[in-house]
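Down below is the structure, laid out as structure tokens.
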Amino acid sequence: MNKDTLNIGGREFHSRFILGSGKYSLNLIEAAVKDAGAELITVAVRRANTKEQENILDYIPKNVTLLPNTSGARTAEEAARIARLGRELGCGDFVKIEIMRDSKYLLPDNAETIRATEILAKEGFIVLPYMYPDLYAARDLVGAGAAAVMPLASPIGSNKGLATREFIQILVDEIDLPIIVDAGIGRPSQACEAMEMGVDAIMANTALATAGDTPLMAAAFKQAIEAGRKAYLSGLGRVLGRGGDASDPLTGFLRD
Amino acid sequence: MDNRFIIDAAGLSEAALAQKHRLETDPASRKDPMTYLPGMEVIESDIKDIVLRETASYDPSRYTAKDVQKALARENRGINDLKALLSPAAAAFLEQMAAKARRETEKHFGNSVYIFTPLYIANYCENYCVYCGFNRYNPIRRMRLTPERIEREMEVIAASGMEEILILTGESRAKSDVRYIGAACETARKYFRNVGLEIYPVNTDEYHYLHEHGADYVTVFQETYDIAKYETLHLAGHKRVWPYRFDAQERALRGGMRGVAFSALLGLADFRADALATALHAHLIQRKYPAAEISLSCPRLRPIVNNGAIHPSDVGEKELCQILCAYRLFLPFAQITVSSRESARFRDGIVKIAATKVSAGVSTGIGDHETKYTGKEDEDGHGDEQFEIADSRSLKAMYRDIEDEGLQPVLNDYLYV
């Protein structure tokens, strides 16, 4: 088997687990890097923008790529301003676009996200947009210069798993960029299932942050993601339907 | 009038006393609380009507253990669930409510606890609200900080590490006008990452002005949603106009503010009805302005200068905890602030269940941070407090205590965009 790596914006990653930023704890970052093997970690620019001694940036190992996000943005212009500030703060060229105009469900606004992607891709950012899994929006994001597409599995923080399963599958089948499932993955089994579907990477946060033993859960995610990936690469086998398949071929009556 | 708050403090002139007594004893001498005063902006909104309708028909005694269990079992809770969770029947389920509330808090906020501090810049007030230490008939030391003194206080607070500040004034347009407050916001932006306001309600264009000068969220306490009761507690001044106050959050959002905070002052009237109204008010505003960040507070009455007997009557810590759990279960995404009116023990416990924001390094007096924070002698004098606080922990102590509880203190999660 060839070396199986994840390529985003010209950078190569060996891990397919990405730490999200929602819940903040320094132990969580440590667990994500050591136990889940994360090489890409999301940082909310608004949280990094602090005078606090315990700046979250200081706790992220140097070999990890920072993925600043634009949480707090309600429009494309706000997202662009936050992205630029993140770059000034030393977060690099990667940016995860999050634009929300609803404080209750925190669902992404696809239209504004497409606009922001276009603005920031032109400025040389490696843009990873968080989006609601809609095929047209995903195609527009590709056209706007996204480096990956990040559909949500279910509402953020809900730990409800792959509520949008069928629509994510369409993106996996139709979009040539890496598909990273973000938001709603509550269990390693759900991460595994998404990977089996052909998703390229999983972003999670709450599932680890609220686990009883965060490092152990981080390790569980790592294994689940690797298992799902291997299953996908191996080609999933036949799954017997109810009552089994007919043993005689249905087309056996056809003559040569 | 049944009013346990009323006192005649020494030092009032005879004329003032006579006017005060007239307001207290003769309802006809008081203005109609539903009539706007000149200059007060009227906006079209049906939120008031819905809140009043739901509150008027709320009979907490009608709810049973079964209703509470149903509400607890549901994933997305509606108004009827909220009513059940606020009812006396829910008291027996407090531990279960706390467990569910904790889960929701974790889902939405992780283990973060935000810290801020209030800064009172003036305590002049034109209102006569009988329970408040700043009321115009309470002869306390009045003060309005000069811009230089505001900056000095902010410097001292910022040096302690604080990144979020809430600027407060007494309710006097004459002594602390919008321009004065705007200037304070501008200064605050130099020292803090996030600036909030808790001042008298203003019009949309004035909120816009204050937003332009650096404020981004607005707190207005309705005190009580029971208009008949409100009328007997807020006897004079612009605050007497109940609907203008009610619509303040909406005007603030229209003026460009990002977030708004709501509260009743628990203990003034029926606390269950007031808690219901507060949560509904917040819920309906979020429905109408989906991007608005929503925050709830839960102040209980505290003793004031010249009247140490004021207390929150039937709202004990258990009741307060029940209210906060009900808020969390109904509005899982809302920020919940617990102020230094509550004890350290209560605050340490409630941040593990429902609260997400606490104040630290608090003084409700005017111009005394420098003395309190640095021990420097009070050369320029200071103004009296609005109420007595119960938790006087400094930022450092609060930060450490939150960490000791296994939570993550957060000084800033905010960006002006």
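Quick note on naming: the chains in the structure tokens go A, B, ... in the order shown, residues restart at 1 in each chain, and ligands are numbered from 1 in order of appearance.
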So which bits of segment 112-228 of chain B end up helix (DSSP H, G or I) when you DSSP the backbone, as a ChimeraX atom specification?
/B:147-159,178-191,204-212,227-228
Output N, CA and C atoms of each residue in that selection to a file, as an mmCIF file, in the first residue's frame.
data_model
loop_
_atom_site.group_PDB
_atom_site.id
_atom_site.type_symbol
_atom_site.label_atom_id
_atom_site.label_comp_id
_atom_site.auth_asym_id
_atom_site.auth_seq_id
_atom_site.Cartn_x
_atom_site.Cartn_y
_atom_site.Cartn_z
ATOM 1 N N PRO B 147 -13.152 61.935 33.624
ATOM 2 C CA PRO B 147 -12.530 61.051 32.617
ATOM 3 C C PRO B 147 -11.147 60.567 33.064
ATOM 4 N N GLU B 148 -10.400 61.440 33.729
ATOM 5 C CA GLU B 148 -9.052 61.053 34.171
ATOM 6 C C GLU B 148 -9.134 59.959 35.223
ATOM 7 N N ARG B 149 -10.090 60.134 36.109
ATOM 8 C CA ARG B 149 -10.232 59.158 37.196
ATOM 9 C C ARG B 149 -10.746 57.820 36.640
ATOM 10 N N ILE B 150 -11.611 57.884 35.646
ATOM 11 C CA ILE B 150 -12.091 56.647 35.003
ATOM 12 C C ILE B 150 -10.893 55.894 34.439
ATOM 13 N N GLU B 151 -10.041 56.650 33.758
ATOM 14 C CA GLU B 151 -8.882 56.002 33.138
ATOM 15 C C GLU B 151 -7.987 55.372 34.196
ATOM 16 N N ARG B 152 -7.827 56.075 35.323
ATOM 17 C CA ARG B 152 -6.961 55.540 36.388
ATOM 18 C C ARG B 152 -7.549 54.247 36.958
ATOM 19 N N GLU B 153 -8.856 54.268 37.178
ATOM 20 C CA GLU B 153 -9.511 53.054 37.688
ATOM 21 C C GLU B 153 -9.338 51.896 36.695
ATOM 22 N N MET B 154 -9.495 52.205 35.416
ATOM 23 C CA MET B 154 -9.374 51.153 34.397
ATOM 24 C C MET B 154 -7.956 50.614 34.343
ATOM 25 N N GLU B 155 -6.999 51.515 34.478
ATOM 26 C CA GLU B 155 -5.600 51.093 34.474
ATOM 27 C C GLU B 155 -5.343 50.088 35.594
ATOM 28 N N VAL B 156 -5.859 50.433 36.786
ATOM 29 C CA VAL B 156 -5.658 49.579 37.954
ATOM 30 C C VAL B 156 -6.321 48.208 37.730
ATOM 31 N N ILE B 157 -7.537 48.236 37.183
ATOM 32 C CA ILE B 157 -8.259 46.973 36.952
ATOM 33 C C ILE B 157 -7.547 46.145 35.889
ATOM 34 N N ALA B 158 -7.137 46.803 34.806
ATOM 35 C CA ALA B 158 -6.455 46.075 33.721
ATOM 36 C C ALA B 158 -5.142 45.475 34.227
ATOM 37 N N ALA B 159 -4.481 46.190 35.128
ATOM 38 C CA ALA B 159 -3.213 45.685 35.653
ATOM 39 C C ALA B 159 -3.405 44.398 36.453
ATOM 40 N N VAL B 178 -25.098 60.405 27.668
ATOM 41 C CA VAL B 178 -24.621 59.393 26.730
ATOM 42 C C VAL B 178 -23.199 59.700 26.243
ATOM 43 N N ARG B 179 -22.887 60.977 26.080
ATOM 44 C CA ARG B 179 -21.537 61.333 25.622
ATOM 45 C C ARG B 179 -20.487 60.975 26.666
ATOM 46 N N TYR B 180 -20.825 61.241 27.914
ATOM 47 C CA TYR B 180 -19.922 60.908 29.025
ATOM 48 C C TYR B 180 -19.674 59.390 29.049
ATOM 49 N N ILE B 181 -20.750 58.629 28.874
ATOM 50 C CA ILE B 181 -20.615 57.168 28.899
ATOM 51 C C ILE B 181 -19.837 56.677 27.672
ATOM 52 N N GLY B 182 -20.109 57.307 26.518
ATOM 53 C CA GLY B 182 -19.378 56.954 25.295
ATOM 54 C C GLY B 182 -17.879 57.174 25.454
ATOM 55 N N ALA B 183 -17.529 58.269 26.109
ATOM 56 C CA ALA B 183 -16.102 58.550 26.329
ATOM 57 C C ALA B 183 -15.488 57.482 27.225
ATOM 58 N N ALA B 184 -16.261 57.042 28.227
ATOM 59 C CA ALA B 184 -15.761 55.988 29.125
ATOM 60 C C ALA B 184 -15.547 54.685 28.343
ATOM 61 N N CYS B 185 -16.462 54.407 27.399
ATOM 62 C CA CYS B 185 -16.325 53.186 26.581
ATOM 63 C C CYS B 185 -15.046 53.267 25.738
ATOM 64 N N GLU B 186 -14.817 54.440 25.195
ATOM 65 C CA GLU B 186 -13.631 54.615 24.356
ATOM 66 C C GLU B 186 -12.352 54.369 25.163
ATOM 67 N N THR B 187 -12.326 54.906 26.362
ATOM 68 C CA THR B 187 -11.178 54.671 27.234
ATOM 69 C C THR B 187 -11.064 53.177 27.557
ATOM 70 N N ALA B 188 -12.205 52.562 27.839
ATOM 71 C CA ALA B 188 -12.200 51.141 28.205
ATOM 72 C C ALA B 188 -11.614 50.270 27.097
ATOM 73 N N ARG B 189 -11.887 50.656 25.846
ATOM 74 C CA ARG B 189 -11.374 49.847 24.725
ATOM 75 C C ARG B 189 -9.848 49.843 24.670
ATOM 76 N N LYS B 190 -9.236 50.864 25.280
ATOM 77 C CA LYS B 190 -7.766 50.888 25.306
ATOM 78 C C LYS B 190 -7.225 49.839 26.270
ATOM 79 N N TYR B 191 -8.026 49.503 27.284
ATOM 80 C CA TYR B 191 -7.524 48.630 28.355
ATOM 81 C C TYR B 191 -8.132 47.238 28.352
ATOM 82 N N THR B 204 -32.492 53.857 20.196
ATOM 83 C CA THR B 204 -31.674 53.097 19.246
ATOM 84 C C THR B 204 -30.447 53.886 18.777
ATOM 85 N N ASP B 205 -30.663 55.161 18.430
ATOM 86 C CA ASP B 205 -29.524 55.938 17.902
ATOM 87 C C ASP B 205 -28.455 56.138 18.973
ATOM 88 N N GLU B 206 -28.889 56.187 20.230
ATOM 89 C CA GLU B 206 -27.908 56.340 21.316
ATOM 90 C C GLU B 206 -27.153 55.026 21.561
ATOM 91 N N TYR B 207 -27.857 53.910 21.436
ATOM 92 C CA TYR B 207 -27.149 52.626 21.520
ATOM 93 C C TYR B 207 -26.135 52.529 20.384
ATOM 94 N N HIS B 208 -26.551 53.000 19.221
ATOM 95 C CA HIS B 208 -25.641 52.980 18.075
ATOM 96 C C HIS B 208 -24.390 53.818 18.379
ATOM 97 N N TYR B 209 -24.616 54.980 18.951
ATOM 98 C CA TYR B 209 -23.505 55.861 19.316
ATOM 99 C C TYR B 209 -22.557 55.160 20.290
ATOM 100 N N LEU B 210 -23.123 54.526 21.292
ATOM 101 C CA LEU B 210 -22.308 53.853 22.310
ATOM 102 C C LEU B 210 -21.566 52.654 21.701
ATOM 103 N N HIS B 211 -22.228 51.985 20.764
ATOM 104 C CA HIS B 211 -21.583 50.867 20.067
ATOM 105 C C HIS B 211 -20.392 51.381 19.259
ATOM 106 N N GLU B 212 -20.599 52.481 18.583
ATOM 107 C CA GLU B 212 -19.516 53.072 17.793
ATOM 108 C C GLU B 212 -18.335 53.471 18.677
ATOM 109 N N ILE B 227 -46.282 44.178 36.272
ATOM 110 C CA ILE B 227 -46.414 45.635 36.130
ATOM 111 C C ILE B 227 -47.052 46.263 37.368
ATOM 112 N N ALA B 228 -48.054 45.593 37.941
ATOM 113 C CA ALA B 228 -48.722 46.150 39.122
ATOM 114 C C ALA B 228 -47.719 46.284 40.276
#
At a cut-off of 8 Å, can you tabulate as JSON lines every residue of chain B near chain A together with its closest atom pair and the distance in Å to one decimal, using only C-alpha atoms and ordering rows by chain then number?
{"residue": "B:Glu106", "atom": "CA", "partner": "A:Thr210", "partner_atom": "CA", "distance": 6.7}
{"residue": "B:Lys107", "atom": "CA", "partner": "A:Gly157", "partner_atom": "CA", "distance": 5.3}
{"residue": "B:His108", "atom": "CA", "partner": "A:Gly157", "partner_atom": "CA", "distance": 6.1}
{"residue": "B:Phe109", "atom": "CA", "partner": "A:Lys23", "partner_atom": "CA", "distance": 6.3}
{"residue": "B:Gly110", "atom": "CA", "partner": "A:Lys23", "partner_atom": "CA", "distance": 4.8}
{"residue": "B:Asn111", "atom": "CA", "partner": "A:Lys23", "partner_atom": "CA", "distance": 7.0}
{"residue": "B:Ser112", "atom": "CA", "partner": "A:Tyr24", "partner_atom": "CA", "distance": 6.7}
{"residue": "B:Gly161", "atom": "CA", "partner": "A:Glu52", "partner_atom": "CA", "distance": 7.1}
{"residue": "B:Glu163", "atom": "CA", "partner": "A:Lys51", "partner_atom": "CA", "distance": 7.6}
{"residue": "B:Arg193", "atom": "CA", "partner": "A:Thr50", "partner_atom": "CA", "distance": 7.6}
{"residue": "B:Gln286", "atom": "CA", "partner": "A:Ser103", "partner_atom": "CA", "distance": 7.7}
{"residue": "B:Pro290", "atom": "CA", "partner": "A:Asp102", "partner_atom": "CA", "distance": 4.6}
{"residue": "B:Ala291", "atom": "CA", "partner": "A:Asp102", "partner_atom": "CA", "distance": 4.4}
{"residue": "B:Ala292", "atom": "CA", "partner": "A:Ser103", "partner_atom": "CA", "distance": 6.3}
{"residue": "B:Glu293", "atom": "CA", "partner": "A:Ser103", "partner_atom": "CA", "distance": 5.9}
{"residue": "B:Ile294", "atom": "CA", "partner": "A:Ser103", "partner_atom": "CA", "distance": 7.8}
{"residue": "B:Phe333", "atom": "CA", "partner": "A:Lys104", "partner_atom": "CA", "distance": 5.7}
{"residue": "B:Ala334", "atom": "CA", "partner": "A:Lys104", "partner_atom": "CA", "distance": 8.0}
{"residue": "B:Gln408", "atom": "CA", "partner": "A:Ser25", "partner_atom": "CA", "distance": 6.4}
{"residue": "B:Leu411", "atom": "CA", "partner": "A:Glu52", "partner_atom": "CA", "distance": 7.1}
{"residue": "B:Asn412", "atom": "CA", "partner": "A:Thr50", "partner_atom": "CA", "distance": 6.1}
{"residue": "B:Asp413", "atom": "CA", "partner": "A:Arg47", "partner_atom": "CA", "distance": 4.5}
{"residue": "B:Tyr414", "atom": "CA", "partner": "A:Arg46", "partner_atom": "CA", "distance": 5.0}
{"residue": "B:Leu415", "atom": "CA", "partner": "A:Arg46", "partner_atom": "CA", "distance": 5.0}
{"residue": "B:Val417", "atom": "CA", "partner": "A:Glu78", "partner_atom": "CA", "distance": 5.5}
Okay, now the selection with N, CA and C atoms, as an mmCIF file, in the first residue's frame?
data_model
loop_
_atom_site.group_PDB
_atom_site.id
_atom_site.type_symbol
_atom_site.label_atom_id
_atom_site.label_comp_id
_atom_site.auth_asym_id
_atom_site.auth_seq_id
_atom_site.Cartn_x
_atom_site.Cartn_y
_atom_site.Cartn_z
ATOM 1 N N GLU B 106 -21.961 21.757 29.650
ATOM 2 C CA GLU B 106 -20.739 21.159 29.095
ATOM 3 C C GLU B 106 -20.790 21.108 27.573
ATOM 4 N N LYS B 107 -21.954 20.731 27.054
ATOM 5 C CA LYS B 107 -22.074 20.619 25.603
ATOM 6 C C LYS B 107 -21.835 21.956 24.918
ATOM 7 N N HIS B 108 -22.338 23.004 25.535
ATOM 8 C CA HIS B 108 -22.256 24.314 24.870
ATOM 9 C C HIS B 108 -21.043 25.141 25.278
ATOM 10 N N PHE B 109 -20.546 24.942 26.479
ATOM 11 C CA PHE B 109 -19.457 25.807 26.960
ATOM 12 C C PHE B 109 -18.225 25.029 27.422
ATOM 13 N N GLY B 110 -18.296 23.686 27.356
ATOM 14 C CA GLY B 110 -17.172 22.901 27.846
ATOM 15 C C GLY B 110 -16.955 23.176 29.312
ATOM 16 N N ASN B 111 -15.702 23.358 29.698
ATOM 17 C CA ASN B 111 -15.438 23.650 31.108
ATOM 18 C C ASN B 111 -15.027 25.111 31.305
ATOM 19 N N SER B 112 -15.376 25.950 30.340
ATOM 20 C CA SER B 112 -14.977 27.362 30.423
ATOM 21 C C SER B 112 -15.834 28.136 31.418
ATOM 22 N N GLY B 161 -5.126 42.050 35.413
ATOM 23 C CA GLY B 161 -5.237 40.991 34.415
ATOM 24 C C GLY B 161 -6.604 40.898 33.773
ATOM 25 N N GLU B 163 -9.775 41.368 31.459
ATOM 26 C CA GLU B 163 -9.880 41.721 30.040
ATOM 27 C C GLU B 163 -11.285 42.112 29.612
ATOM 28 N N ARG B 193 -10.562 43.925 26.351
ATOM 29 C CA ARG B 193 -10.904 43.271 25.088
ATOM 30 C C ARG B 193 -12.395 43.329 24.811
ATOM 31 N N GLN B 286 -34.071 36.221 20.943
ATOM 32 C CA GLN B 286 -33.170 35.417 20.099
ATOM 33 C C GLN B 286 -33.894 34.923 18.847
ATOM 34 N N PRO B 290 -31.733 36.342 15.497
ATOM 35 C CA PRO B 290 -31.035 35.066 15.730
ATOM 36 C C PRO B 290 -29.536 35.203 15.988
ATOM 37 N N ALA B 291 -28.921 36.252 15.486
ATOM 38 C CA ALA B 291 -27.477 36.377 15.683
ATOM 39 C C ALA B 291 -27.131 36.921 17.059
ATOM 40 N N ALA B 292 -28.103 37.477 17.763
ATOM 41 C CA ALA B 292 -27.817 38.124 19.053
ATOM 42 C C ALA B 292 -27.276 37.128 20.064
ATOM 43 N N GLU B 293 -26.259 37.537 20.769
ATOM 44 C CA GLU B 293 -25.771 36.706 21.870
ATOM 45 C C GLU B 293 -26.612 37.021 23.094
ATOM 46 N N ILE B 294 -27.047 35.960 23.745
ATOM 47 C CA ILE B 294 -28.039 36.096 24.803
ATOM 48 C C ILE B 294 -27.426 35.725 26.135
ATOM 49 N N PHE B 333 -27.935 27.411 25.163
ATOM 50 C CA PHE B 333 -26.862 28.171 24.521
ATOM 51 C C PHE B 333 -26.587 29.512 25.208
ATOM 52 N N ALA B 334 -27.433 29.893 26.167
ATOM 53 C CA ALA B 334 -27.311 31.243 26.745
ATOM 54 C C ALA B 334 -26.218 31.305 27.802
ATOM 55 N N GLN B 408 -11.904 25.777 33.522
ATOM 56 C CA GLN B 408 -10.943 26.630 32.825
ATOM 57 C C GLN B 408 -11.383 28.092 32.878
ATOM 58 N N LEU B 411 -10.497 34.711 30.347
ATOM 59 C CA LEU B 411 -10.561 36.165 30.527
ATOM 60 C C LEU B 411 -11.057 36.865 29.266
ATOM 61 N N ASN B 412 -10.889 36.185 28.144
ATOM 62 C CA ASN B 412 -11.399 36.787 26.917
ATOM 63 C C ASN B 412 -11.738 35.742 25.878
ATOM 64 N N ASP B 413 -12.885 35.906 25.256
ATOM 65 C CA ASP B 413 -13.287 35.038 24.152
ATOM 66 C C ASP B 413 -14.003 35.930 23.160
ATOM 67 N N TYR B 414 -13.382 37.041 22.865
ATOM 68 C CA TYR B 414 -14.126 38.076 22.187
ATOM 69 C C TYR B 414 -13.263 38.858 21.231
ATOM 70 N N LEU B 415 -13.879 39.247 20.155
ATOM 71 C CA LEU B 415 -13.166 39.998 19.141
ATOM 72 C C LEU B 415 -14.118 41.034 18.567
ATOM 73 N N VAL B 417 -15.351 42.938 15.549
ATOM 74 C CA VAL B 417 -15.178 42.752 14.094
ATOM 75 C C VAL B 417 -16.014 43.751 13.296
#
Shell of 12 Å around Arg165 of chain A, only C-alpha atoms, local chain residues under 4 positions omitted, as a list in words
Tyr132, Pro133, Asp134, Pro151, Leu152, Ala153, Ser154, Lys160, Gly161, Gln169, Ile170, Leu171, Val172, Val181, Gly184, Ile185, Gln190, Ala191, Glu193, Ala194, Met195, Glu196, Met197, Gly198 and Val199 of chain A
Can you work out the spacing between atom CA of Thr55 of chain B and atom CA of Ala73 of chain B in Å, to one decimal?
23.7 Å
Please provide as a ChimeraX atom specification all residues within 10 Å of segment 303-315 of chain B, with the sequence filter that same-chain residues fewer than 6 positions apart are discarded (counting only C-alpha atoms).
/B:4-10,131-134,138-140,265-272,321,323,341,384-389
Selection file, N, CA and C atoms, as a PDB file, in the first residue's frame:
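Produced file part.pdb, reproduced below:
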ATOM      1  N   ARG B   4     -41.873  46.719  52.362  1.00  0.00           N
ATOM      2  CA  ARG B   4     -40.863  46.506  53.396  1.00  0.00           C
ATOM      3  C   ARG B   4     -39.578  47.276  53.129  1.00  0.00           C
ATOM      4  N   PHE B   5     -39.494  47.926  51.957  1.00  0.00           N
ATOM      5  CA  PHE B   5     -38.253  48.587  51.590  1.00  0.00           C
ATOM      6  C   PHE B   5     -38.154  50.018  52.087  1.00  0.00           C
ATOM      7  N   ILE B   6     -39.319  50.632  52.335  1.00  0.00           N
ATOM      8  CA  ILE B   6     -39.317  52.078  52.513  1.00  0.00           C
ATOM      9  C   ILE B   6     -38.722  52.508  53.845  1.00  0.00           C
ATOM     10  N   ILE B   7     -37.786  53.426  53.774  1.00  0.00           N
ATOM     11  CA  ILE B   7     -37.194  54.015  54.971  1.00  0.00           C
ATOM     12  C   ILE B   7     -37.075  55.521  54.740  1.00  0.00           C
ATOM     13  N   ASP B   8     -37.062  56.254  55.837  1.00  0.00           N
ATOM     14  CA  ASP B   8     -36.754  57.680  55.750  1.00  0.00           C
ATOM     15  C   ASP B   8     -35.364  57.880  56.324  1.00  0.00           C
ATOM     16  N   ALA B   9     -34.392  58.067  55.462  1.00  0.00           N
ATOM     17  CA  ALA B   9     -33.030  58.256  55.945  1.00  0.00           C
ATOM     18  C   ALA B   9     -32.865  59.680  56.455  1.00  0.00           C
ATOM     19  N   ALA B  10     -32.015  59.837  57.462  1.00  0.00           N
ATOM     20  CA  ALA B  10     -31.751  61.167  57.999  1.00  0.00           C
ATOM     21  C   ALA B  10     -31.083  62.027  56.928  1.00  0.00           C
ATOM     22  N   TYR B 131     -35.975  49.906  46.636  1.00  0.00           N
ATOM     23  CA  TYR B 131     -35.046  48.892  47.151  1.00  0.00           C
ATOM     24  C   TYR B 131     -33.595  49.189  46.825  1.00  0.00           C
ATOM     25  N   CYS B 132     -33.344  50.269  46.070  1.00  0.00           N
ATOM     26  CA  CYS B 132     -32.008  50.481  45.510  1.00  0.00           C
ATOM     27  C   CYS B 132     -31.221  51.514  46.306  1.00  0.00           C
ATOM     28  N   GLY B 133     -29.972  51.219  46.562  1.00  0.00           N
ATOM     29  CA  GLY B 133     -29.097  52.108  47.320  1.00  0.00           C
ATOM     30  C   GLY B 133     -28.831  53.430  46.627  1.00  0.00           C
ATOM     31  N   PHE B 134     -28.989  53.473  45.313  1.00  0.00           N
ATOM     32  CA  PHE B 134     -28.731  54.704  44.560  1.00  0.00           C
ATOM     33  C   PHE B 134     -29.968  55.607  44.481  1.00  0.00           C
ATOM     34  N   ASN B 138     -32.152  58.456  48.874  1.00  0.00           N
ATOM     35  CA  ASN B 138     -31.203  57.849  49.802  1.00  0.00           C
ATOM     36  C   ASN B 138     -29.971  58.754  49.863  1.00  0.00           C
ATOM     37  N   PRO B 139     -29.790  59.447  51.000  1.00  0.00           N
ATOM     38  CA  PRO B 139     -28.679  60.417  51.060  1.00  0.00           C
ATOM     39  C   PRO B 139     -27.328  59.710  51.206  1.00  0.00           C
ATOM     40  N   ILE B 140     -26.784  59.284  50.095  1.00  0.00           N
ATOM     41  CA  ILE B 140     -25.474  58.628  50.118  1.00  0.00           C
ATOM     42  C   ILE B 140     -24.448  59.568  49.508  1.00  0.00           C
ATOM     43  N   LEU B 265     -34.979  41.094  39.126  1.00  0.00           N
ATOM     44  CA  LEU B 265     -34.325  41.145  40.432  1.00  0.00           C
ATOM     45  C   LEU B 265     -35.161  40.243  41.344  1.00  0.00           C
ATOM     46  N   LEU B 266     -34.623  39.073  41.615  1.00  0.00           N
ATOM     47  CA  LEU B 266     -35.422  38.052  42.276  1.00  0.00           C
ATOM     48  C   LEU B 266     -35.676  38.410  43.738  1.00  0.00           C
ATOM     49  N   GLY B 267     -36.911  38.314  44.112  1.00  0.00           N
ATOM     50  CA  GLY B 267     -37.307  38.666  45.473  1.00  0.00           C
ATOM     51  C   GLY B 267     -38.243  39.863  45.510  1.00  0.00           C
ATOM     52  N   LEU B 268     -38.353  40.574  44.397  1.00  0.00           N
ATOM     53  CA  LEU B 268     -39.243  41.742  44.361  1.00  0.00           C
ATOM     54  C   LEU B 268     -40.707  41.321  44.263  1.00  0.00           C
ATOM     55  N   ALA B 269     -40.976  40.324  43.428  1.00  0.00           N
ATOM     56  CA  ALA B 269     -42.353  39.876  43.200  1.00  0.00           C
ATOM     57  C   ALA B 269     -42.334  38.353  43.176  1.00  0.00           C
ATOM     58  N   ASP B 270     -43.347  37.723  42.588  1.00  0.00           N
ATOM     59  CA  ASP B 270     -43.369  36.265  42.478  1.00  0.00           C
ATOM     60  C   ASP B 270     -42.176  35.813  41.633  1.00  0.00           C
ATOM     61  N   PHE B 271     -41.234  35.128  42.288  1.00  0.00           N
ATOM     62  CA  PHE B 271     -39.984  34.847  41.565  1.00  0.00           C
ATOM     63  C   PHE B 271     -40.176  33.844  40.430  1.00  0.00           C
ATOM     64  N   ARG B 272     -41.159  32.953  40.572  1.00  0.00           N
ATOM     65  CA  ARG B 272     -41.361  31.958  39.500  1.00  0.00           C
ATOM     66  C   ARG B 272     -41.868  32.653  38.234  1.00  0.00           C
ATOM     67  N   CYS B 321     -30.993  28.047  42.587  1.00  0.00           N
ATOM     68  CA  CYS B 321     -30.393  26.952  41.823  1.00  0.00           C
ATOM     69  C   CYS B 321     -31.420  26.342  40.871  1.00  0.00           C
ATOM     70  N   ILE B 323     -33.995  27.841  39.559  1.00  0.00           N
ATOM     71  CA  ILE B 323     -34.210  28.803  38.468  1.00  0.00           C
ATOM     72  C   ILE B 323     -33.087  28.688  37.431  1.00  0.00           C
ATOM     73  N   ARG B 341     -23.192  39.210  44.246  1.00  0.00           N
ATOM     74  CA  ARG B 341     -24.267  39.267  45.234  1.00  0.00           C
ATOM     75  C   ARG B 341     -24.368  37.923  45.948  1.00  0.00           C
ATOM     76  N   ASP B 384     -20.696  56.023  47.431  1.00  0.00           N
ATOM     77  CA  ASP B 384     -21.171  54.823  48.114  1.00  0.00           C
ATOM     78  C   ASP B 384     -21.610  53.717  47.150  1.00  0.00           C
ATOM     79  N   GLU B 385     -21.693  52.511  47.718  1.00  0.00           N
ATOM     80  CA  GLU B 385     -22.057  51.323  46.943  1.00  0.00           C
ATOM     81  C   GLU B 385     -23.549  51.283  46.606  1.00  0.00           C
ATOM     82  N   GLN B 386     -23.854  50.510  45.548  1.00  0.00           N
ATOM     83  CA  GLN B 386     -25.265  50.304  45.205  1.00  0.00           C
ATOM     84  C   GLN B 386     -25.889  49.264  46.127  1.00  0.00           C
ATOM     85  N   PHE B 387     -25.102  48.249  46.469  1.00  0.00           N
ATOM     86  CA  PHE B 387     -25.579  47.216  47.392  1.00  0.00           C
ATOM     87  C   PHE B 387     -24.354  46.533  47.971  1.00  0.00           C
ATOM     88  N   GLU B 388     -24.556  45.744  49.005  1.00  0.00           N
ATOM     89  CA  GLU B 388     -23.442  45.004  49.603  1.00  0.00           C
ATOM     90  C   GLU B 388     -23.160  43.764  48.787  1.00  0.00           C
ATOM     91  N   ILE B 389     -21.899  43.470  48.568  1.00  0.00           N
ATOM     92  CA  ILE B 389     -21.588  42.240  47.847  1.00  0.00           C
ATOM     93  C   ILE B 389     -21.323  41.120  48.857  1.00  0.00           C
TER      94      ILE B 389
END
Among the residues of segment 1-147 of chain B, find those DSSP assigns to strand (DSSP E or B) from the backbone and print them as a list of chain:residue names.
B:Ser112, B:Val113, B:Tyr114, B:Ile115, B:Phe116, B:Thr117, B:Pro118, B:Leu119, B:Tyr120, B:Ile121, B:Ala122, B:Tyr128, B:Cys129, B:Arg144
For each of A:Asp248, A:Asp35, A:Glu12, A:Asp140, take the minimum atom-to-atom distance to Lys222 of chain A, counting only C-alpha atoms, then give the residue where this is smallest.
A:Asp35
Which residues of segment 5-80 of chain B sit at most 10 Å from segment 220-226 of chain B, using only C-alpha atoms? Give each one's shortest atom pair and distance in Å (one decimal place), in chain and ascending residue order, as a Markdown table.
| residue | atom | partner | partner_atom | distance |
| --- | --- | --- | --- | --- |
| B:Lys48 | CA | B:Tyr225 | CA | 9.6 |
| B:Val51 | CA | B:Tyr225 | CA | 8.6 |
| B:Leu52 | CA | B:Tyr225 | CA | 7.7 |
| B:Thr55 | CA | B:Tyr225 | CA | 8.5 |
| B:Ala56 | CA | B:Asp226 | CA | 8.8 |
